[in-house]
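Enquirer: One structure, as structure tokens, below. Some questions next.
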Amino acid sequence: MLVSVKDSISSWFRIEGRGISGYAFIIHRLTGIVLTAYIFLHLAFLTSLTEGESAYTSLIEKTVNIRFLPFDILLIGVTIYHSLNGLRLVIAEFFVTRYHRELFVIFIIVGVVIWIFTSYLLYRFVVV
Amino acid sequence: MEEMHTKKVLEPVWWFFQIITGILLLVLVSLHLYVTHFASEKALDYSSVIGRLSSPGFKVLYAVLLLAVVYHGINGMRAIFLDLTMSDVTKRIVNILSLIVALLLFGYGVYLLANIG
Amino acid sequence: MEEREVTFIVKRFYRNEWREDRYEFKAVRGMTVLDGLFHIRDNIDPSLSFRASCRMGICGSCGMVINGKAMLACSTQIFDLGTDVVRIEPLRNMEALKDLISDFDDFFEKHRRVKPYLIRKEEKSIEEGEYIQTPDELRKYRQYSLCIKCGLCYDACSITGSNKEYLGPAALASACRFIMDSRDQGEDERIPLVSDHTGCWRCHFMAECSEVCPKEVDPADAIQKLKRKALIYSLKRLFRR
């Protein structure tokens, strides 16, 4: 018997009745898809480097901009979440599973601190 | 006794690479972000980007980053697709498509690395 | 005795149709959800069907989804749910048969597929005595042998919901139970079974199976152990050639 893609997706992202690690999985999967899509976008951006200085500079002027700052901050948040939760998964899958809840709480706190700090750095980079 | 197919023997290895590239990415992406956004305010100027990409050290670093990110991303997407119910034929299509997309991405990245700087 | 008016909303399945029925009755402190269902069947609606046997969390018959989470109805007190409206559904990742009864055929077939019995290269005769095991060797797998096959983990796992071929937490925990057993010699048969597209590589450590497990078997932990065993087994095979 086959399960429809719609049912599968609602099974992955079902929120009802989930605990902390369930939410962690849902966000990990979403951020993973976003980051994979960004690989394509990033390589496409870099194409401008082969087209000479003016093409690259105009692209940078458009994207390194206060208007894109919210997206930059969101993207770095996504990266921080995926890397820290990924580290938790590596520890659980490869070493011990026992402390995964505590690790999640610790990593969320650490991640938020890093996120705020890097967001500030990004803001300074874009605005100044 | 059931013989373990080469494909099945490799499945744990793909998982192991996923973990290795994940740890590698944690280091390399941090470094990449530090260099391009946090170290200097002129880091994204044309001259400094070209300057970085001309040095062999950065070229090797970026090649490793490219390989790790393409593997980790595409293998991750492959795992998501395999989470769906599918026939053996569809599974094979997913595996082959993942390989093709990964090779294309890596190839394009290498082309960029060779042509810039 | 403390009494409270409660509402049970039961998602029912009969002849290919779903419907929801509401039942209101007075619950008393100490009543489990299963007691509530028995009360409904005896006093309100005799057509309500559900599975139950031991009423004390040992048989694993009364697994159902209570307010969104898979639980054993007999081990869940109504007053502990923190709400007077209780929504009850059958387990979600299995076919419904009637009302709260779901079809366990796939679940048990997958359990059989991992060969849940001791495999010996050479069987000892009865005269030679039993296979001796130290307490430490027992402790390595004992936790995984406590599984009562109630199917709660099968409901909690998001991958069993999307991939019908995935063996699921219970079967993989059972495979782990035998692989960790010092008396078992079936590694060559069992590891290839659990280490393919439908086996432990479908687990991404969501760990919800361990959250809902009423026996604290911790299937998530068992599956991660399987992954490591499978990696070591594979590497050995790759370098032996």
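If you're wondering about the labels, chains in the structure tokens are A, B, ... by order shown, residues count from 1 in each chain, ligands from 1 in order shown.
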For chain A, report every residue with an atom at most 12 Å from chain C (counting only C-alpha atoms), formatted as a ChimeraX atom specification.
Expert: /A:1-29,85-86,88-101
Enquirer: Export C-alpha atoms of the chosen residues as a PDB file, in the first residue's frame?
Expert:
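File produced: result-v1.pdb:
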ATOM      1  CA  MET A   1       0.000   0.000   0.000  1.00  0.00           C
ATOM      2  CA  LEU A   2       1.242   3.467  -0.884  1.00  0.00           C
ATOM      3  CA  VAL A   3       0.965   6.539   1.299  1.00  0.00           C
ATOM      4  CA  SER A   4       0.230   9.768  -0.527  1.00  0.00           C
ATOM      5  CA  VAL A   5       2.901  12.474  -0.416  1.00  0.00           C
ATOM      6  CA  LYS A   6       0.418  14.778   1.324  1.00  0.00           C
ATOM      7  CA  ASP A   7      -0.220  12.246   4.111  1.00  0.00           C
ATOM      8  CA  SER A   8       3.513  11.616   4.421  1.00  0.00           C
ATOM      9  CA  ILE A   9       4.282  15.294   4.811  1.00  0.00           C
ATOM     10  CA  SER A  10       1.504  15.734   7.367  1.00  0.00           C
ATOM     11  CA  SER A  11       2.967  12.747   9.225  1.00  0.00           C
ATOM     12  CA  TRP A  12       6.452  14.335   9.325  1.00  0.00           C
ATOM     13  CA  PHE A  13       5.212  17.739  10.402  1.00  0.00           C
ATOM     14  CA  ARG A  14       2.416  16.673  12.753  1.00  0.00           C
ATOM     15  CA  ILE A  15       2.641  18.837  15.842  1.00  0.00           C
ATOM     16  CA  GLU A  16      -0.179  17.327  17.912  1.00  0.00           C
ATOM     17  CA  GLY A  17       1.038  15.119  20.728  1.00  0.00           C
ATOM     18  CA  ARG A  18       4.738  15.708  20.069  1.00  0.00           C
ATOM     19  CA  GLY A  19       7.404  16.276  22.674  1.00  0.00           C
ATOM     20  CA  ILE A  20      10.569  18.336  22.575  1.00  0.00           C
ATOM     21  CA  SER A  21      12.485  15.944  20.311  1.00  0.00           C
ATOM     22  CA  GLY A  22       9.535  15.797  17.922  1.00  0.00           C
ATOM     23  CA  TYR A  23       9.634  19.558  17.434  1.00  0.00           C
ATOM     24  CA  ALA A  24      13.424  19.339  17.083  1.00  0.00           C
ATOM     25  CA  PHE A  25      12.995  16.847  14.226  1.00  0.00           C
ATOM     26  CA  ILE A  26      10.356  18.978  12.459  1.00  0.00           C
ATOM     27  CA  ILE A  27      12.513  22.115  12.544  1.00  0.00           C
ATOM     28  CA  HIS A  28      15.626  20.121  11.578  1.00  0.00           C
ATOM     29  CA  ARG A  29      13.920  18.766   8.495  1.00  0.00           C
ATOM     30  CA  ASN A  85      20.757  20.306  16.527  1.00  0.00           C
ATOM     31  CA  GLY A  86      22.851  18.329  14.036  1.00  0.00           C
ATOM     32  CA  ARG A  88      23.064  16.852  19.130  1.00  0.00           C
ATOM     33  CA  LEU A  89      22.003  14.209  16.623  1.00  0.00           C
ATOM     34  CA  VAL A  90      25.631  13.197  16.010  1.00  0.00           C
ATOM     35  CA  ILE A  91      26.117  12.789  19.754  1.00  0.00           C
ATOM     36  CA  ALA A  92      22.889  10.756  20.046  1.00  0.00           C
ATOM     37  CA  GLU A  93      23.433   8.595  16.965  1.00  0.00           C
ATOM     38  CA  PHE A  94      27.130   8.018  17.454  1.00  0.00           C
ATOM     39  CA  PHE A  95      27.771   8.172  21.177  1.00  0.00           C
ATOM     40  CA  VAL A  96      24.979   8.338  23.777  1.00  0.00           C
ATOM     41  CA  THR A  97      21.270   8.997  23.415  1.00  0.00           C
ATOM     42  CA  ARG A  98      20.655   9.492  27.124  1.00  0.00           C
ATOM     43  CA  TYR A  99      21.210  13.252  27.399  1.00  0.00           C
ATOM     44  CA  HIS A 100      19.485  14.365  24.206  1.00  0.00           C
ATOM     45  CA  ARG A 101      16.739  16.384  25.934  1.00  0.00           C
TER      46      ARG A 101
END
Enquirer: Please list as number ranges by chain every residue within 9 Å of stretch 187-198 of chain C, counting only C-alpha atoms and excluding residues in the same chain fewer than 5 positions away.
Expert: B: 1-5, 7-9, 11-12, 82-83, 91; C: 113-115, 119, 163-168, 172, 175, 178-179, 226-227, 229-231, 233
Enquirer: Taking only residues of stretch 36-88 of chain A that have an atom at most 12 Å from an atom of stretch 74-79 of chain B, what is each one's shortest atom pair and its distance in Å to one decimal, using only C-alpha atoms, in chain and number order, as a tab-separated table?
Expert:
residue	atom	partner	partner_atom	distance
A:Thr36	CA	B:Ile74	CA	7.3
A:Ala37	CA	B:Ile74	CA	10.0
A:Tyr38	CA	B:Ile74	CA	12.0
A:Ile39	CA	B:Ile74	CA	9.9
A:Phe40	CA	B:Ile74	CA	11.0
A:Gly86	CA	B:Gly76	CA	11.7
Enquirer: Identify every residue of chain B that has at least one atom within 7 Å of any atom of chain A, counting only C-alpha atoms, and report the result as a CSV table (one decimal) with N, CA and C atoms, in the first residue's frame.
Expert:
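Below is the file that was written, part32.csv:
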chain,number,residue,atom,x,y,z
B,19,ILE,N,27.6,12.1,8.9
B,19,ILE,CA,28.0,12.6,10.2
B,19,ILE,C,29.3,13.3,10.1
B,26,LEU,N,30.2,22.2,10.3
B,26,LEU,CA,30.1,23.1,11.4
B,26,LEU,C,31.4,24.0,11.5
B,37,HIS,N,31.9,37.7,6.4
B,37,HIS,CA,31.0,38.7,7.0
B,37,HIS,C,31.6,39.4,8.3
B,38,PHE,N,32.3,38.7,9.1
B,38,PHE,CA,32.6,39.2,10.4
B,38,PHE,C,34.1,39.7,10.5
B,41,GLU,N,35.1,44.6,7.1
B,41,GLU,CA,33.9,45.2,6.5
B,41,GLU,C,34.0,45.2,5.0
B,46,TYR,N,34.8,43.3,-4.5
B,46,TYR,CA,35.3,42.4,-5.6
B,46,TYR,C,36.7,42.1,-5.5
B,73,GLY,N,24.0,18.0,1.8
B,73,GLY,CA,22.7,18.5,1.4
B,73,GLY,C,22.0,17.4,0.5
B,84,LEU,N,9.6,8.4,2.1
B,84,LEU,CA,8.3,8.1,1.5
B,84,LEU,C,8.2,6.6,1.1
B,85,THR,N,7.0,6.2,1.0
B,85,THR,CA,6.8,4.8,0.6
B,85,THR,C,7.1,4.8,-0.9
B,109,GLY,N,30.5,24.0,-9.1
B,109,GLY,CA,31.4,24.6,-8.1
B,109,GLY,C,32.8,24.6,-8.5
B,115,ASN,N,37.6,29.1,-12.6
B,115,ASN,CA,37.5,30.3,-13.5
B,115,ASN,C,37.6,31.6,-12.7
B,116,ILE,N,37.5,31.5,-11.4
B,116,ILE,CA,37.5,32.8,-10.7
B,116,ILE,C,38.9,32.9,-10.1
Enquirer: Please report the interatomic distance between atom CA of C:Pro214 and atom CA of C:Cys54 in Å with one decimal.
Expert: 14.5 Å
Enquirer: List every residue of stretch 2-184 of chain C that DSSP, applied to the backbone of this structure, assigns to helix (DSSP H, G or I), and report them as a ChimeraX atom specification.
Expert: /C:33-43,73-75,78-81,105-113,126-128,135-146,152-156,158-162,169-179
Enquirer: Do a neighbour search on C:Gly151 at 9 Å with only C-alpha atoms, toss out local chain neighbours closer than 4 positions, and write the hits as a compact mmCIF listing (two decimals) with N, CA, C and O atoms, in the first residue's frame.
Expert:
# COMPACT_ATOMS: atom_id res chain seq x y z
N GLY C 60 -0.72 -4.86 26.36
CA GLY C 60 -0.52 -4.02 25.19
C GLY C 60 -1.67 -4.04 24.20
O GLY C 60 -1.46 -3.81 23.02
N SER C 61 -2.89 -4.32 24.67
CA SER C 61 -4.03 -4.34 23.74
C SER C 61 -4.69 -2.99 23.55
O SER C 61 -5.24 -2.72 22.50
N GLY C 63 -3.79 0.15 23.28
CA GLY C 63 -3.12 1.33 22.75
C GLY C 63 -4.06 2.14 21.89
O GLY C 63 -4.72 1.60 21.00
N MET C 64 -4.17 3.44 22.16
CA MET C 64 -5.00 4.31 21.33
C MET C 64 -4.49 5.73 21.47
O MET C 64 -3.64 6.01 22.31
N ALA C 70 -0.28 8.92 21.63
CA ALA C 70 -0.53 7.50 21.78
C ALA C 70 -0.28 7.08 23.22
O ALA C 70 0.75 7.38 23.80
N LEU C 91 -5.05 4.01 16.72
CA LEU C 91 -3.66 4.28 16.34
C LEU C 91 -3.59 4.69 14.87
O LEU C 91 -4.21 4.07 14.02
N PHE C 104 -3.18 -4.82 13.30
CA PHE C 104 -1.78 -5.00 13.68
C PHE C 104 -1.02 -5.94 12.74
O PHE C 104 0.14 -6.24 13.02
N PHE C 107 2.34 -4.67 11.50
CA PHE C 107 3.21 -4.48 12.66
C PHE C 107 3.84 -5.82 13.09
O PHE C 107 5.05 -5.92 13.29
N ASP C 155 2.80 4.40 16.25
CA ASP C 155 1.95 5.57 16.01
C ASP C 155 2.75 6.86 16.15
O ASP C 155 2.56 7.80 15.39
N ALA C 156 3.69 6.88 17.12
CA ALA C 156 4.40 8.13 17.41
C ALA C 156 5.42 8.45 16.33
O ALA C 156 5.70 9.61 16.06
N ALA C 170 9.46 -0.74 17.09
CA ALA C 170 9.34 -1.96 17.89
C ALA C 170 10.13 -3.11 17.27
O ALA C 170 10.89 -3.81 17.97
N CYS C 213 6.69 5.20 24.85
CA CYS C 213 6.79 3.80 25.25
C CYS C 213 6.35 3.60 26.70
O CYS C 213 6.90 4.21 27.61
